[in-house]
$ cat structure_2.txt   # compact mmCIF, C-alpha atoms
# COMPACT_ATOMS: atom_id res chain seq x y z
CA MET A 1 166.71 197.38 51.76
CA LYS A 2 170.33 196.51 51.01
CA LYS A 3 170.40 194.15 54.01
CA LEU A 4 167.21 192.47 52.72
CA PHE A 5 168.76 191.82 49.29
CA THR A 6 171.90 190.49 50.96
CA SER A 7 169.86 188.09 53.11
CA VAL A 8 167.88 186.83 50.11
CA ALA A 9 171.09 186.29 48.12
CA VAL A 10 172.62 184.31 50.99
CA CYS A 11 169.53 182.10 51.26
CA ILE A 12 169.58 181.38 47.53
CA CYS A 13 173.26 180.47 47.66
CA ILE A 14 172.65 178.09 50.57
CA LEU A 15 169.80 176.37 48.72
CA VAL A 16 171.89 175.98 45.56
CA MET A 17 174.88 174.60 47.47
CA THR A 18 172.66 172.15 49.38
CA ALA A 19 171.07 170.89 46.16
CA CYS A 20 174.48 170.40 44.54
CA SER A 21 176.04 168.66 47.52
CA SER A 22 173.13 166.24 48.11
CA PRO A 23 173.04 163.32 45.65
CA MET A 24 169.60 162.92 44.11
CA ASN A 25 168.10 159.48 43.75
CA ASN A 26 166.06 160.11 40.63
CA SER A 27 163.46 157.68 39.46
CA THR A 28 164.63 156.14 36.21
CA LYS A 29 164.17 153.14 33.93
CA ARG A 30 166.43 150.51 32.43
CA ASP A 31 166.32 147.73 29.85
CA ASN A 32 164.80 144.55 31.26
CA ASN A 33 166.99 141.49 30.89
CA LEU A 34 165.39 139.61 33.76
CA ASN A 35 162.94 137.94 31.39
CA ASN A 36 165.59 135.51 30.21
CA SER A 37 166.94 132.18 31.37
CA PHE A 38 170.03 132.84 33.46
CA THR A 39 172.41 131.20 35.90
CA ALA A 40 174.31 132.94 38.70
CA LYS A 41 176.42 132.27 41.75
CA MET A 42 174.63 133.37 44.90
CA THR A 43 175.52 134.12 48.49
CA VAL A 44 172.54 133.99 50.83
CA ILE A 45 172.84 135.77 54.17
CA LEU A 46 169.85 135.03 56.37
CA ASP A 47 170.29 136.24 59.94
CA LYS A 48 173.16 134.05 61.26
CA LEU A 49 173.09 131.65 58.29
CA THR A 50 175.33 132.10 55.27
CA ALA A 51 174.84 129.78 52.32
CA GLU A 52 176.47 129.66 48.91
CA GLY A 53 175.42 127.99 45.72
CA THR A 54 174.15 128.38 42.18
CA ILE A 55 170.71 129.50 41.09
CA THR A 56 169.10 129.14 37.67
CA ARG A 57 165.99 130.78 36.27
CA ASN A 58 164.64 128.54 33.51
CA SER A 59 161.42 130.48 32.96
CA ASP A 60 158.61 132.19 34.83
CA SER A 61 158.00 130.25 38.09
CA ASN A 62 160.56 127.61 37.06
CA TRP A 63 163.81 127.91 39.05
CA GLU A 64 166.55 125.66 40.43
CA ALA A 65 168.96 126.25 43.30
CA GLU A 66 171.87 124.02 44.33
CA PHE A 67 173.92 124.64 47.46
CA GLU A 68 177.64 124.22 48.06
CA SER A 69 177.71 125.36 51.68
CA PRO A 70 177.17 125.08 54.61
CA ASN A 71 177.64 121.34 55.17
CA THR A 72 173.98 120.90 56.19
CA LEU A 73 172.93 122.10 52.71
CA SER A 74 175.87 121.05 50.54
CA GLY A 75 174.63 119.05 47.56
CA VAL A 76 170.96 119.82 48.16
CA LYS A 77 169.08 120.93 45.07
CA LEU A 78 165.73 122.70 45.23
CA CYS A 79 163.48 122.82 42.18
CA PHE A 80 160.73 125.44 42.15
CA GLU A 81 157.94 124.93 39.64
CA ASP A 82 154.74 126.95 39.96
CA ASN A 83 153.60 126.36 43.56
CA THR A 84 155.59 123.18 44.23
CA VAL A 85 159.12 122.72 45.57
CA ASN A 86 161.04 119.46 45.19
CA ALA A 87 164.37 118.59 46.78
CA SER A 88 167.06 116.15 45.67
CA TYR A 89 170.48 115.06 46.86
CA LYS A 90 172.84 113.08 44.62
CA GLY A 91 169.94 111.70 42.61
CA LEU A 92 167.69 110.95 45.57
CA ASN A 93 164.39 112.82 45.74
CA PHE A 94 162.83 113.74 49.06
CA SER A 95 160.77 116.39 50.81
CA VAL A 96 162.47 119.68 51.55
CA PRO A 97 164.85 119.10 54.52
CA LYS A 98 164.24 121.05 57.70
CA SER A 99 167.62 122.76 57.40
CA ALA A 100 166.58 124.16 54.01
CA LEU A 101 163.16 125.47 55.05
CA PRO A 102 164.27 129.05 55.90
CA VAL A 103 166.27 129.32 52.67
CA LYS A 104 163.41 127.79 50.70
CA ALA A 105 161.04 130.44 52.01
CA MET A 106 163.44 133.27 51.19
CA LEU A 107 164.11 131.92 47.69
CA THR A 108 160.35 131.79 47.14
CA ASN A 109 160.26 135.53 47.90
CA LEU A 110 163.16 136.15 45.50
CA ILE A 111 161.43 134.21 42.72
CA SER A 112 158.19 136.10 43.21
CA ALA A 113 159.95 139.49 43.08
CA VAL A 114 162.07 138.68 40.02
CA ASP A 115 159.27 137.05 38.04
CA THR A 116 157.02 140.04 38.73
CA ALA A 117 159.68 142.47 37.48
CA ALA A 118 160.50 140.23 34.50
CA ARG A 119 156.99 140.69 33.10
CA GLU A 120 157.54 144.43 32.64
CA GLU A 121 158.78 145.85 29.33
CA GLN A 122 161.22 148.12 31.17
CA LEU A 123 162.46 148.19 34.74
CA HIS A 124 161.55 151.25 36.80
CA GLY A 125 163.26 152.18 40.03
CA THR A 126 165.69 154.49 41.80
CA GLU A 127 169.25 154.98 40.55
CA SER A 128 171.98 154.67 43.17
CA GLU A 129 175.70 153.94 42.75
CA GLY A 130 175.20 152.49 39.28
CA LEU A 131 172.37 150.18 40.36
CA LEU A 132 168.66 150.39 39.69
CA ASN A 133 166.83 149.65 42.94
CA ILE A 134 163.28 148.34 42.58
CA ASN A 135 161.26 148.49 45.79
CA GLY A 136 158.24 146.29 46.38
CA ASN A 137 156.40 144.32 49.00
CA LEU A 138 155.30 140.75 49.52
CA GLU A 139 153.21 139.10 52.21
CA SER A 140 156.37 138.46 54.22
CA GLY A 141 157.70 142.02 53.97
CA ASP A 142 159.22 144.79 51.88
CA TYR A 143 162.09 144.11 49.49
CA THR A 144 164.63 145.83 47.27
CA LEU A 145 165.67 144.17 44.02
CA SER A 146 168.85 145.70 42.58
CA ILE A 147 169.72 145.53 38.87
CA ASP A 148 173.11 146.28 37.31
CA ASP A 149 173.85 148.46 34.28
CA LYS A 150 173.19 145.53 31.93
CA GLY A 151 169.71 144.95 33.29
CA LEU A 152 170.82 141.79 35.12
CA ILE A 153 170.15 140.82 38.73
CA HIS A 154 172.67 142.10 41.28
CA SER A 155 171.13 141.61 44.72
CA PHE A 156 167.91 141.06 46.66
CA GLU A 157 167.25 142.34 50.16
CA MET A 158 164.49 142.04 52.75
CA PRO A 159 165.80 144.03 55.74
CA ASN A 160 162.90 143.12 58.04
CA ASN A 161 163.68 139.44 57.47
CA LEU A 162 167.45 139.94 57.90
CA LEU A 163 167.91 138.63 54.36
CA LYS A 164 170.39 139.60 51.67
CA ILE A 165 171.24 137.63 48.53
CA VAL A 166 174.14 138.75 46.34
CA PHE A 167 174.58 137.43 42.79
CA THR A 168 177.80 137.14 40.80
CA GLU A 169 178.87 135.60 37.50
CA VAL A 170 175.42 136.08 36.01
CA THR A 171 175.22 134.27 32.68
CA VAL A 172 172.24 134.67 30.36
CA SER A 173 171.38 131.47 28.51
CA GLU A 174 171.09 131.57 24.73
CA THR A 175 168.57 128.73 24.90
CA PRO A 176 165.00 129.95 24.30
CA GLN A 177 162.83 130.02 27.40
CA ILE A 178 160.52 127.13 28.17
CA PRO A 179 157.09 127.98 26.68
CA GLN A 180 154.47 129.12 29.17
CA ALA A 181 151.27 127.14 29.72
CA SER A 182 149.31 129.20 27.17
CA GLU A 183 152.05 128.71 24.60
CA LEU A 184 152.13 124.98 25.26
CA THR A 185 148.37 124.81 24.63
CA THR A 186 148.81 126.66 21.34
CA LEU A 187 151.70 124.42 20.32
CA SER A 188 149.71 121.31 21.24
CA ALA A 189 146.73 122.48 19.20
CA ALA A 190 148.98 123.27 16.25
CA SER A 191 150.59 119.84 16.50
CA GLU A 192 147.21 118.10 16.53
CA THR A 193 146.13 120.11 13.49
CA THR A 194 149.32 119.15 11.64
CA ASN A 195 148.84 115.47 12.49
CA THR A 196 145.23 115.61 11.28
CA VAL A 197 146.22 117.22 7.98
CA THR A 198 149.00 114.68 7.48
CA THR A 199 146.61 111.78 8.14
CA LEU A 200 144.03 113.11 5.69
CA ALA A 201 146.71 113.63 3.06
CA GLU A 202 147.90 110.04 3.45
CA GLU A 203 144.36 108.77 3.08
$ encode --input "structure_2.txt" --output "structure tokens"
Amino acid sequence: MKKLFTSVAVCICILVMTACSSPMNNSTKRDNNLNNSFTAKMTVILDKLTAEGTITRNSDSNWEAEFESPNTLSGVKLCFEDNTVNASYKGLNFSVPKSALPVKAMLTNLISAVDTAAREEQLHGTESEGLLNINGNLESGDYTLSIDDKGLIHSFEMPNNLLKIVFTEVTVSETPQIPQASELTTLSAASETTNTVTTLAEE
């Protein structure tokens, strides 16, 4: 009987030590600051391509990205609005250049993931090394969106697509977000009502 108690005690000690030595990635939540206009420096690593530039989120589905490197992309600006993408270079507008197509596709995935998370009241994910990792999937594959301790974007990864985007110098704009389509309709209706009342008052 004494040997049995000893064996049980040893097993319990092993379980406790294992639990203490293994870091637990607990599901947690964090304040959501993605639903703001922000600008950040970005480094895009896509397979053998590395590109650097600046990305801006103006509002839901309304983003801009301008590249500084490599030379084939330097100066190219991509504007994402709803389902359309426009490109410009030093004031000239043109269709998206072939060299930018892979990056354009990956940025479309980023925008979809961030805008989806931005609609939530709080961000839910797994805590690891001070970051909140939000896992999801898109038509082109699984992704991990990482958020820092301020609720701001830190990185975006799609391992199956050999993609990683790292963000630095994230600055949240104090300018109110561009109203969404429903808000614009409401504002337009309110404006028409005001104009009607003003006209009647003048008469």
$ atom_distance --input "structure_2.txt" --atom1 "atom CA of A:Ile134" --atom2 "atom CA of A:Leu49"
24.9 Å
$ closest_residue --input "structure_2.txt" --among "A:Val172, A:Leu132, A:Ala87, A:Asn93" --to "A:Asn58" --atoms "only C-alpha atoms"
A:Val172
$ residues_near_point --input "structure_2.txt" --point "(181.2, 134.9, 36.4)" --cutoff "8 Å" --atoms "all atoms listed in the file" --output "NGL selection string"
:A and (40-41 or 168-171)
$ closest_residue --input "structure_2.txt" --among "A:Asn133, A:Asn86, A:Thr28, A:Asn35" --to "A:Ser59" --atoms "all atoms listed in the file"
A:Asn35
$ residues_around --input "structure_2.txt" --residues "A:Lys98" --least-positions-apart "6" --cutoff "12 Å" --atoms "all atoms listed in the file" --output "number ranges by chain"
A: 72-73, 76, 87, 104-105
$ closest_residue --input "structure_2.txt" --among "A:Phe167, A:Asn109, A:Asp142, A:Phe94" --to "A:Glu52" --atoms "all atoms listed in the file"
A:Phe167
$ atom_distance --input "structure_2.txt" --atom1 "atom CA of A:Asn161" --atom2 "atom CA of A:Leu138"
11.6 Å
$ atom_distance --input "structure_2.txt" --atom1 "atom CA of A:Asn135" --atom2 "atom CA of A:Ala113"
9.5 Å
$ closest_residue --input "structure_2.txt" --among "A:Glu121, A:Val166, A:Asn137, A:Glu81" --to "A:Gly151" --atoms "all atoms listed in the file"
A:Glu121
$ closest_residue --input "structure_2.txt" --among "A:Leu34, A:Met106, A:Val96, A:Ile111" --to "A:Leu163" --atoms "all atoms listed in the file"
A:Met106
$ closest_residue --input "structure_2.txt" --among "A:Thr43, A:Thr54, A:Asn36, A:Ser128" --to "A:Lys164" --atoms "all atoms listed in the file"
A:Thr43
$ build_atoms --input "structure_2.txt" --residues "stretch 84-106 of chain A" --atoms "N, CA, C and O atoms" --output "mmCIF file, keeping the file's coordinate frame"
data_model
loop_
_atom_site.group_PDB
_atom_site.id
_atom_site.type_symbol
_atom_site.label_atom_id
_atom_site.label_comp_id
_atom_site.auth_asym_id
_atom_site.auth_seq_id
_atom_site.Cartn_x
_atom_site.Cartn_y
_atom_site.Cartn_z
ATOM 1 N N THR A 84 154.986 124.349 43.595
ATOM 2 C CA THR A 84 155.590 123.180 44.230
ATOM 3 C C THR A 84 157.102 123.340 44.333
ATOM 4 O O THR A 84 157.732 124.008 43.513
ATOM 5 N N VAL A 85 157.665 122.708 45.365
ATOM 6 C CA VAL A 85 159.120 122.720 45.570
ATOM 7 C C VAL A 85 159.567 121.291 45.833
ATOM 8 O O VAL A 85 159.068 120.632 46.741
ATOM 9 N N ASN A 86 160.500 120.812 45.020
ATOM 10 C CA ASN A 86 161.040 119.460 45.190
ATOM 11 C C ASN A 86 162.517 119.554 45.558
ATOM 12 O O ASN A 86 163.223 120.462 45.114
ATOM 13 N N ALA A 87 162.969 118.613 46.362
ATOM 14 C CA ALA A 87 164.370 118.590 46.780
ATOM 15 C C ALA A 87 165.015 117.285 46.336
ATOM 16 O O ALA A 87 164.354 116.240 46.252
ATOM 17 N N SER A 88 166.316 117.359 46.036
ATOM 18 C CA SER A 88 167.060 116.150 45.670
ATOM 19 C C SER A 88 168.482 116.276 46.192
ATOM 20 O O SER A 88 168.988 117.377 46.411
ATOM 21 N N TYR A 89 169.099 115.097 46.389
ATOM 22 C CA TYR A 89 170.480 115.060 46.860
ATOM 23 C C TYR A 89 171.152 113.847 46.227
ATOM 24 O O TYR A 89 170.790 112.704 46.495
ATOM 25 N N LYS A 90 172.102 114.136 45.328
ATOM 26 C CA LYS A 90 172.840 113.080 44.620
ATOM 27 C C LYS A 90 171.893 112.059 43.988
ATOM 28 O O LYS A 90 172.078 110.842 44.118
ATOM 29 N N GLY A 91 170.858 112.569 43.334
ATOM 30 C CA GLY A 91 169.940 111.700 42.610
ATOM 31 C C GLY A 91 168.769 111.188 43.405
ATOM 32 O O GLY A 91 167.848 110.578 42.857
ATOM 33 N N LEU A 92 168.791 111.405 44.727
ATOM 34 C CA LEU A 92 167.690 110.950 45.570
ATOM 35 C C LEU A 92 166.700 112.088 45.777
ATOM 36 O O LEU A 92 167.089 113.200 46.141
ATOM 37 N N ASN A 93 165.426 111.814 45.559
ATOM 38 C CA ASN A 93 164.390 112.820 45.740
ATOM 39 C C ASN A 93 163.730 112.674 47.101
ATOM 40 O O ASN A 93 163.485 111.561 47.558
ATOM 41 N N PHE A 94 163.449 113.786 47.750
ATOM 42 C CA PHE A 94 162.830 113.740 49.060
ATOM 43 C C PHE A 94 162.150 115.069 49.338
ATOM 44 O O PHE A 94 162.295 116.029 48.569
ATOM 45 N N SER A 95 161.406 115.133 50.432
ATOM 46 C CA SER A 95 160.770 116.390 50.810
ATOM 47 C C SER A 95 161.839 117.385 51.241
ATOM 48 O O SER A 95 162.955 117.002 51.591
ATOM 49 N N VAL A 96 161.497 118.641 51.214
ATOM 50 C CA VAL A 96 162.470 119.680 51.550
ATOM 51 C C VAL A 96 162.980 119.471 52.976
ATOM 52 O O VAL A 96 162.189 119.401 53.918
ATOM 53 N N PRO A 97 164.304 119.338 53.170
ATOM 54 C CA PRO A 97 164.850 119.100 54.520
ATOM 55 C C PRO A 97 164.610 120.296 55.433
ATOM 56 O O PRO A 97 164.517 121.433 54.984
ATOM 57 N N LYS A 98 164.514 120.009 56.724
ATOM 58 C CA LYS A 98 164.240 121.050 57.700
ATOM 59 C C LYS A 98 165.284 122.160 57.660
ATOM 60 O O LYS A 98 164.967 123.342 57.805
ATOM 61 N N SER A 99 166.543 121.769 57.433
ATOM 62 C CA SER A 99 167.620 122.760 57.400
ATOM 63 C C SER A 99 167.482 123.727 56.236
ATOM 64 O O SER A 99 168.040 124.824 56.253
ATOM 65 N N ALA A 100 166.733 123.322 55.204
ATOM 66 C CA ALA A 100 166.580 124.160 54.010
ATOM 67 C C ALA A 100 165.309 124.989 54.036
ATOM 68 O O ALA A 100 165.104 125.831 53.164
ATOM 69 N N LEU A 101 164.452 124.779 55.019
ATOM 70 C CA LEU A 101 163.160 125.470 55.050
ATOM 71 C C LEU A 101 163.278 126.996 55.061
ATOM 72 O O LEU A 101 162.586 127.674 54.303
ATOM 73 N N PRO A 102 164.154 127.583 55.924
ATOM 74 C CA PRO A 102 164.270 129.050 55.900
ATOM 75 C C PRO A 102 164.752 129.573 54.554
ATOM 76 O O PRO A 102 164.240 130.566 54.043
ATOM 77 N N VAL A 103 165.742 128.904 53.955
ATOM 78 C CA VAL A 103 166.270 129.320 52.670
ATOM 79 C C VAL A 103 165.209 129.150 51.583
ATOM 80 O O VAL A 103 165.055 129.996 50.703
ATOM 81 N N LYS A 104 164.477 128.034 51.667
ATOM 82 C CA LYS A 104 163.410 127.790 50.700
ATOM 83 C C LYS A 104 162.401 128.918 50.701
ATOM 84 O O LYS A 104 161.972 129.418 49.648
ATOM 85 N N ALA A 105 162.013 129.362 51.886
ATOM 86 C CA ALA A 105 161.040 130.440 52.010
ATOM 87 C C ALA A 105 161.578 131.744 51.422
ATOM 88 O O ALA A 105 160.868 132.468 50.720
ATOM 89 N N MET A 106 162.851 132.034 51.688
ATOM 90 C CA MET A 106 163.440 133.270 51.190
ATOM 91 C C MET A 106 163.623 133.224 49.669
ATOM 92 O O MET A 106 163.449 134.228 48.984
#
